[in-house]
Every structure is written in C-alpha cells, then in structure tokens.
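A short write-up of the structure that comes next.
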Amino acid sequence: MLDNLAIDIDRLMPVIESLAVNLLFAVVLLVVGWMVSSFIGRNVRKLALKSTRIDPTIIPMIHTVAVWAIRVFVVLAILARFGVQTASIIAVLGAAGLAIGLALQGTLQNIAAGIMLLALRPLRAGEFISVVGKADGTVDEVGLFLTRLIQSDGIHISLPNSLVWGSPIINYSRNNKRRMDIEVAVRYGDDLELAIRKLGELVNEHPNVLKEPAPLIFVSGYKESSTTVNMRAWASVQNYWDVNYELNRRALQVLSQAGLQMPVPLREITTRATLAGQENAAD
C-alpha cells in the first residue's frame, strides 16, 4: 500500500511542481504588472500635465485608461499561463458586460456623459462653473463617472456626469472679462447729478476697471425713498471679485464725502388724536 502511495506521489510531483511554478509566476507577474501600471500611470499624468496641447480636464481619464489597460493585459497573461483559453473568456466577459450594461444603464450614462463633457468642453479643470440647481465651484476633474468641484468654502462635491450633462452649465471663467452691476441708493432731495458724477469718478479712477467696454453710470429705477443709480463696469476674471468688493465698499464713502446722506425709509403716522385736532382747528 505504501508502495502504491509512493508511486502516486511520484506521478503527482510533476503536476505539483508545475502548479507551484505557475502560481509563483502568477504572483510575480501580478505584483510586477500592478507596479508597472502604477508607474506608467504616474508618468503619463506627468507628461500630460507638462504638455500644452492636452486639456487638463481629460488627464484623469487618460491616467485611468492607461493603468487599467495594462492590468487587464496582466490578468489575461496569467490566465493564459494556466492554460485558460482567453478567447472564450473574452467572449464570456463580453456577454457578461452586455448583461451588466443593461442592468447598470445609469452608470453607462455617466460614462457617455463624461465623454461628451470632454469632447464638447463646456467646462475645463480650473474653471469656475455653476451647474444650475445643483452646485457651484471650481472644476477639479472630470472622471469616468463623476465630475468633482471645489466650492468657494473649500468643500469638495462630486456630481454624476449625467447630472452635469443634463443640467444648464454656467461657465464664469470661459471669457477673460466679466461685467458687474452695482446699485447705489441716492436719497430724494439730494443732488442726483452730483452723485452720478462722483460715482463715475470712482469707477473711472479704479486701476482694475477696464476702459473697454467703457464704464457706465445711470439711473436704473426709483424706490420708496431713494433713486437707484447703477454702476456698470467690466473687469478681468482674475480681478472681478476684488473690484466688486472695492466698489461696493467705496461707493457710500464717496457719496458721504460729497455731502450726500444715506437714504432712510420714512413713514408718516397719523393718529386719531391728530385728526381730531386738525378738525377742531379747521372749525
């Protein structure tokens, strides 16, 4: 019986040795393949960032495709080492992919929407956008499934690509200049022409206000206790908020220095005693 067992072990030894060699080869190939894919992915990202011809928005997607293409090839090579027919596996994966695709239509919509966002480029990395009704922020990246924004308060927000693609997108950074409309209230009875002249001097003397298009100061409306004067000016995208804040801060100071007072809502209250006194005086 021991002789038979020894014979069986001798027969199995080549199989065990072959399996051990294949397992060792698979582990080494898997580790090396993963390391190589990560290395190539990092270098692809670095080269893409250095290139002036590649839009930064598509760099994350290029990185993902490069890494996983190598990893899929490594897995197929390992399976082939064990004698698995990769052609049949690819066919099975294709059928499984079709079934999964039907089950995950929303996910595929995100991928398709991401491709459309990268192809038509309504937004790019570094631009400040508003996805109407969803979120505002600076574009960090457009991935296969998600678009990541950094809000003004520093909070990161991720939106599905299909949600971004299906919503109106307002891009505040695409043009190199922006217009601001700052409304200032001038009290009834004050010198309106003086107020317009002083506000015009404030806008025209500001170093970061663009000369073209030319600034415009005009009366835009009337309220209960004041006239509304609009300061319309253009500034570069980089200076827009600084100019906006500065003009808002300086407008009332300039009017006050010119002797104009800030409008205060007035209410006339008539009591019954007052009405009675008026009637008696009339008699």
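Convention: chains lettered A, B, ... in structure tokens order; per-chain residue numbering from 1; ligands numbered from 1 as shown.
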Hey, could you make a per-residue contact list for stretch 107-190 of chain A against stretch 227-241 of chain A with 8 Å as the cut-off, showing the nearest pair of atoms and its distance in Å to one decimal, counting only C-alpha atoms, sorted by chain and number, as JSON lines?
```
{"residue": "A:Ser173", "atom": "CA", "partner": "A:Val237", "partner_atom": "CA", "distance": 6.5}
{"residue": "A:Asn175", "atom": "CA", "partner": "A:Val237", "partner_atom": "CA", "distance": 7.6}
{"residue": "A:Asn176", "atom": "CA", "partner": "A:Val237", "partner_atom": "CA", "distance": 5.5}
{"residue": "A:Lys177", "atom": "CA", "partner": "A:Ser236", "partner_atom": "CA", "distance": 4.1}
{"residue": "A:Arg178", "atom": "CA", "partner": "A:Trp234", "partner_atom": "CA", "distance": 5.6}
{"residue": "A:Arg179", "atom": "CA", "partner": "A:Trp234", "partner_atom": "CA", "distance": 4.3}
{"residue": "A:Met180", "atom": "CA", "partner": "A:Ala233", "partner_atom": "CA", "distance": 5.5}
{"residue": "A:Asp181", "atom": "CA", "partner": "A:Arg232", "partner_atom": "CA", "distance": 4.6}
{"residue": "A:Ile182", "atom": "CA", "partner": "A:Met231", "partner_atom": "CA", "distance": 5.0}
{"residue": "A:Glu183", "atom": "CA", "partner": "A:Asn230", "partner_atom": "CA", "distance": 4.5}
{"residue": "A:Val184", "atom": "CA", "partner": "A:Val229", "partner_atom": "CA", "distance": 5.1}
{"residue": "A:Ala185", "atom": "CA", "partner": "A:Thr228", "partner_atom": "CA", "distance": 4.7}
{"residue": "A:Val186", "atom": "CA", "partner": "A:Thr227", "partner_atom": "CA", "distance": 5.1}
{"residue": "A:Arg187", "atom": "CA", "partner": "A:Thr227", "partner_atom": "CA", "distance": 6.3}
{"residue": "A:Tyr188", "atom": "CA", "partner": "A:Thr227", "partner_atom": "CA", "distance": 6.6}
```
With N, CA and C atoms kept, could you save the residues just selected as a PDB file, in the first residue's frame?
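Output file result03.pdb is given in full below:
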```pdb
ATOM      1  N   SER A 173     -15.752  81.468 -16.044  1.00  0.00           N
ATOM      2  CA  SER A 173     -14.327  81.686 -16.300  1.00  0.00           C
ATOM      3  C   SER A 173     -13.946  81.614 -17.769  1.00  0.00           C
ATOM      4  N   ASN A 175     -14.813  83.395 -20.457  1.00  0.00           N
ATOM      5  CA  ASN A 175     -14.395  84.682 -21.009  1.00  0.00           C
ATOM      6  C   ASN A 175     -13.351  85.301 -20.093  1.00  0.00           C
ATOM      7  N   ASN A 176     -12.502  86.151 -20.663  1.00  0.00           N
ATOM      8  CA  ASN A 176     -11.423  86.741 -19.866  1.00  0.00           C
ATOM      9  C   ASN A 176     -11.843  88.001 -19.121  1.00  0.00           C
ATOM     10  N   LYS A 177     -13.100  88.425 -19.273  1.00  0.00           N
ATOM     11  CA  LYS A 177     -13.588  89.589 -18.531  1.00  0.00           C
ATOM     12  C   LYS A 177     -15.066  89.405 -18.190  1.00  0.00           C
ATOM     13  N   ARG A 178     -15.481  90.091 -17.113  1.00  0.00           N
ATOM     14  CA  ARG A 178     -16.858  89.991 -16.644  1.00  0.00           C
ATOM     15  C   ARG A 178     -17.397  91.377 -16.311  1.00  0.00           C
ATOM     16  N   ARG A 179     -18.714  91.512 -16.422  1.00  0.00           N
ATOM     17  CA  ARG A 179     -19.370  92.782 -16.116  1.00  0.00           C
ATOM     18  C   ARG A 179     -20.000  92.716 -14.732  1.00  0.00           C
ATOM     19  N   MET A 180     -19.946  93.827 -14.019  1.00  0.00           N
ATOM     20  CA  MET A 180     -20.622  93.916 -12.721  1.00  0.00           C
ATOM     21  C   MET A 180     -21.596  95.083 -12.755  1.00  0.00           C
ATOM     22  N   ASP A 181     -22.718  94.922 -12.071  1.00  0.00           N
ATOM     23  CA  ASP A 181     -23.719  95.978 -11.929  1.00  0.00           C
ATOM     24  C   ASP A 181     -23.930  96.212 -10.443  1.00  0.00           C
ATOM     25  N   ILE A 182     -23.472  97.364  -9.967  1.00  0.00           N
ATOM     26  CA  ILE A 182     -23.555  97.691  -8.547  1.00  0.00           C
ATOM     27  C   ILE A 182     -24.572  98.810  -8.371  1.00  0.00           C
ATOM     28  N   GLU A 183     -25.604  98.550  -7.602  1.00  0.00           N
ATOM     29  CA  GLU A 183     -26.671  99.526  -7.391  1.00  0.00           C
ATOM     30  C   GLU A 183     -26.412 100.326  -6.114  1.00  0.00           C
ATOM     31  N   VAL A 184     -26.557 101.660  -6.229  1.00  0.00           N
ATOM     32  CA  VAL A 184     -26.364 102.567  -5.099  1.00  0.00           C
ATOM     33  C   VAL A 184     -27.628 103.416  -4.956  1.00  0.00           C
ATOM     34  N   ALA A 185     -28.090 103.574  -3.728  1.00  0.00           N
ATOM     35  CA  ALA A 185     -29.302 104.350  -3.464  1.00  0.00           C
ATOM     36  C   ALA A 185     -28.947 105.795  -3.146  1.00  0.00           C
ATOM     37  N   VAL A 186     -29.642 106.749  -3.799  1.00  0.00           N
ATOM     38  CA  VAL A 186     -29.463 108.183  -3.560  1.00  0.00           C
ATOM     39  C   VAL A 186     -30.783 108.748  -3.044  1.00  0.00           C
ATOM     40  N   ARG A 187     -30.729 109.429  -1.931  1.00  0.00           N
ATOM     41  CA  ARG A 187     -31.942 109.925  -1.279  1.00  0.00           C
ATOM     42  C   ARG A 187     -32.623 110.994  -2.119  1.00  0.00           C
ATOM     43  N   TYR A 188     -33.968 110.962  -2.122  1.00  0.00           N
ATOM     44  CA  TYR A 188     -34.727 112.010  -2.797  1.00  0.00           C
ATOM     45  C   TYR A 188     -34.408 113.356  -2.147  1.00  0.00           C
TER      46      TYR A 188
END
```
Write out as a PDB file with N, CA and C atoms, in the first residue's frame the residues lying within 7 Å of A:Ile169, counting only C-alpha atoms and excluding same-chain residues fewer than 3 positions away.
```pdb
ATOM      1  N   ILE A 129     -17.629  77.202 -12.375  1.00  0.00           N
ATOM      2  CA  ILE A 129     -18.884  76.967 -13.080  1.00  0.00           C
ATOM      3  C   ILE A 129     -20.037  76.868 -12.085  1.00  0.00           C
ATOM      4  N   SER A 130     -21.224  76.937 -12.621  1.00  0.00           N
ATOM      5  CA  SER A 130     -22.434  76.672 -11.850  1.00  0.00           C
ATOM      6  C   SER A 130     -23.263  75.643 -12.612  1.00  0.00           C
ATOM      7  N   VAL A 131     -23.489  74.483 -11.986  1.00  0.00           N
ATOM      8  CA  VAL A 131     -24.441  73.510 -12.515  1.00  0.00           C
ATOM      9  C   VAL A 131     -25.782  73.911 -11.916  1.00  0.00           C
ATOM     10  N   VAL A 132     -26.618  74.550 -12.722  1.00  0.00           N
ATOM     11  CA  VAL A 132     -27.802  75.246 -12.214  1.00  0.00           C
ATOM     12  C   VAL A 132     -28.669  74.309 -11.379  1.00  0.00           C
TER      13      VAL A 132
END
```
Tell me, as a PyMOL selection string, which residues lie within 10 Å of A:Ile115, counting only C-alpha atoms; anything in the same chain fewer than 6 positions away does not count. chain A and resi 58+61+109+121+142-145+161
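The interatomic distance for the pair atom CA of A:Leu23 and atom CA of A:Val65 works out to 27.5 Å.
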Measuring atom to atom with only C-alpha atoms, identify which of A:Gly137, A:Gly200, A:Pro213, A:Gly189 is nearest to A:Met262. A:Gly189
Determine, counting only C-alpha atoms, which protein, DNA and RNA residues have an atom within 9 Å of an atom of A:Ile70; residues of the same chain fewer than 3 positions away are not included. Present the result as number ranges by chain. A: 33-34, 36-37, 65-67, 73-75
Quick one: residues within 12 Å of A:Arg45, only C-alpha atoms counted, chain neighbours fewer than 3 positions away excluded, as a ChimeraX atom specification? /A:38-42,48-51,54-67
Write to file, as a PDB file, in the first residue's frame, the residues of the selection just made, with N, CA and C atoms.
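What ended up in out-v5.pdb:
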```
ATOM      1  N   SER A  38       1.060  51.249 -12.286  1.00  0.00           N
ATOM      2  CA  SER A  38       1.066  52.466 -11.469  1.00  0.00           C
ATOM      3  C   SER A  38       2.176  53.411 -11.917  1.00  0.00           C
ATOM      4  N   PHE A  39       3.361  52.845 -12.234  1.00  0.00           N
ATOM      5  CA  PHE A  39       4.486  53.666 -12.689  1.00  0.00           C
ATOM      6  C   PHE A  39       4.159  54.366 -14.000  1.00  0.00           C
ATOM      7  N   ILE A  40       3.619  53.588 -14.948  1.00  0.00           N
ATOM      8  CA  ILE A  40       3.267  54.170 -16.253  1.00  0.00           C
ATOM      9  C   ILE A  40       2.154  55.204 -16.088  1.00  0.00           C
ATOM     10  N   GLY A  41       1.184  54.898 -15.222  1.00  0.00           N
ATOM     11  CA  GLY A  41       0.100  55.851 -14.995  1.00  0.00           C
ATOM     12  C   GLY A  41       0.608  57.177 -14.461  1.00  0.00           C
ATOM     13  N   ARG A  42       1.539  57.117 -13.493  1.00  0.00           N
ATOM     14  CA  ARG A  42       2.099  58.360 -12.942  1.00  0.00           C
ATOM     15  C   ARG A  42       2.858  59.146 -14.002  1.00  0.00           C
ATOM     16  N   ALA A  48       1.392  64.416 -19.464  1.00  0.00           N
ATOM     17  CA  ALA A  48       0.199  65.137 -19.909  1.00  0.00           C
ATOM     18  C   ALA A  48       0.107  66.508 -19.258  1.00  0.00           C
ATOM     19  N   LEU A  49       0.495  66.603 -17.984  1.00  0.00           N
ATOM     20  CA  LEU A  49       0.458  67.896 -17.300  1.00  0.00           C
ATOM     21  C   LEU A  49       1.469  68.871 -17.891  1.00  0.00           C
ATOM     22  N   LYS A  50       2.601  68.351 -18.373  1.00  0.00           N
ATOM     23  CA  LYS A  50       3.626  69.221 -18.947  1.00  0.00           C
ATOM     24  C   LYS A  50       3.268  69.681 -20.358  1.00  0.00           C
ATOM     25  N   SER A  51       2.440  68.911 -21.046  1.00  0.00           N
ATOM     26  CA  SER A  51       2.100  69.238 -22.424  1.00  0.00           C
ATOM     27  C   SER A  51       1.102  70.391 -22.467  1.00  0.00           C
ATOM     28  N   ILE A  54      -2.531  69.248 -24.344  1.00  0.00           N
ATOM     29  CA  ILE A  54      -3.512  68.355 -23.721  1.00  0.00           C
ATOM     30  C   ILE A  54      -4.307  69.133 -22.692  1.00  0.00           C
ATOM     31  N   ASP A  55      -5.635  69.079 -22.804  1.00  0.00           N
ATOM     32  CA  ASP A  55      -6.515  69.743 -21.849  1.00  0.00           C
ATOM     33  C   ASP A  55      -6.389  69.058 -20.491  1.00  0.00           C
ATOM     34  N   PRO A  56      -6.134  69.808 -19.417  1.00  0.00           N
ATOM     35  CA  PRO A  56      -6.012  69.193 -18.085  1.00  0.00           C
ATOM     36  C   PRO A  56      -7.246  68.411 -17.658  1.00  0.00           C
ATOM     37  N   THR A  57      -8.409  68.728 -18.245  1.00  0.00           N
ATOM     38  CA  THR A  57      -9.642  68.061 -17.841  1.00  0.00           C
ATOM     39  C   THR A  57      -9.624  66.579 -18.159  1.00  0.00           C
ATOM     40  N   ILE A  58      -8.962  66.175 -19.260  1.00  0.00           N
ATOM     41  CA  ILE A  58      -9.010  64.774 -19.673  1.00  0.00           C
ATOM     42  C   ILE A  58      -7.865  63.954 -19.090  1.00  0.00           C
ATOM     43  N   ILE A  59      -6.967  64.595 -18.332  1.00  0.00           N
ATOM     44  CA  ILE A  59      -5.812  63.862 -17.782  1.00  0.00           C
ATOM     45  C   ILE A  59      -6.237  62.740 -16.847  1.00  0.00           C
ATOM     46  N   PRO A  60      -7.187  62.944 -15.905  1.00  0.00           N
ATOM     47  CA  PRO A  60      -7.592  61.819 -15.039  1.00  0.00           C
ATOM     48  C   PRO A  60      -8.122  60.619 -15.814  1.00  0.00           C
ATOM     49  N   MET A  61      -8.869  60.865 -16.888  1.00  0.00           N
ATOM     50  CA  MET A  61      -9.404  59.759 -17.672  1.00  0.00           C
ATOM     51  C   MET A  61      -8.283  59.041 -18.430  1.00  0.00           C
ATOM     52  N   ILE A  62      -7.305  59.786 -18.977  1.00  0.00           N
ATOM     53  CA  ILE A  62      -6.162  59.163 -19.648  1.00  0.00           C
ATOM     54  C   ILE A  62      -5.397  58.288 -18.667  1.00  0.00           C
ATOM     55  N   HIS A  63      -5.197  58.785 -17.460  1.00  0.00           N
ATOM     56  CA  HIS A  63      -4.482  58.033 -16.425  1.00  0.00           C
ATOM     57  C   HIS A  63      -5.210  56.732 -16.101  1.00  0.00           C
ATOM     58  N   THR A  64      -6.525  56.798 -15.927  1.00  0.00           N
ATOM     59  CA  THR A  64      -7.312  55.602 -15.591  1.00  0.00           C
ATOM     60  C   THR A  64      -7.266  54.575 -16.707  1.00  0.00           C
ATOM     61  N   VAL A  65      -7.425  55.012 -17.943  1.00  0.00           N
ATOM     62  CA  VAL A  65      -7.409  54.086 -19.084  1.00  0.00           C
ATOM     63  C   VAL A  65      -6.044  53.415 -19.217  1.00  0.00           C
ATOM     64  N   ALA A  66      -4.957  54.180 -19.069  1.00  0.00           N
ATOM     65  CA  ALA A  66      -3.607  53.619 -19.201  1.00  0.00           C
ATOM     66  C   ALA A  66      -3.332  52.568 -18.129  1.00  0.00           C
ATOM     67  N   VAL A  67      -3.712  52.861 -16.896  1.00  0.00           N
ATOM     68  CA  VAL A  67      -3.453  51.932 -15.790  1.00  0.00           C
ATOM     69  C   VAL A  67      -4.233  50.634 -15.960  1.00  0.00           C
TER      70      VAL A  67
END
```
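What separates atom CA of A:Ile150 from atom CA of A:Asp242 is a distance of 19.9 Å.
With only C-alpha atoms as the atoms that count, the minimum distance from A:Arg174 to the choices A:Leu123, A:Leu108, A:Val219, A:Val27 is reached by A:Leu123.
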Can you tell me, as a tab-separated table (two decimals) with C-alpha atoms, in the first residue's frame, what residues are no more than 9 Å from A:Leu163 when counting only C-alpha atoms, ignoring any on the same chain fewer than 3 positions away?
```
chain	number	residue	atom	x	y	z
A	110	ASN	CA	-22.39	58.69	-16.64
A	113	ALA	CA	-21.93	61.97	-20.37
A	131	VAL	CA	-24.44	73.51	-12.51
A	134	LYS	CA	-27.07	71.50	-8.24
A	159	LEU	CA	-21.71	65.10	-9.18
A	160	PRO	CA	-22.62	62.23	-11.53
A	166	GLY	CA	-28.31	67.09	-18.24
A	167	SER	CA	-28.30	70.47	-16.46
```
Secondary structure check, strand (DSSP E) residues of stretch 40-280 of chain A, as a PyMOL selection string: chain A and resi 128-131+135-142+146-150+156-160+169-171+177-187+216-222+226-236
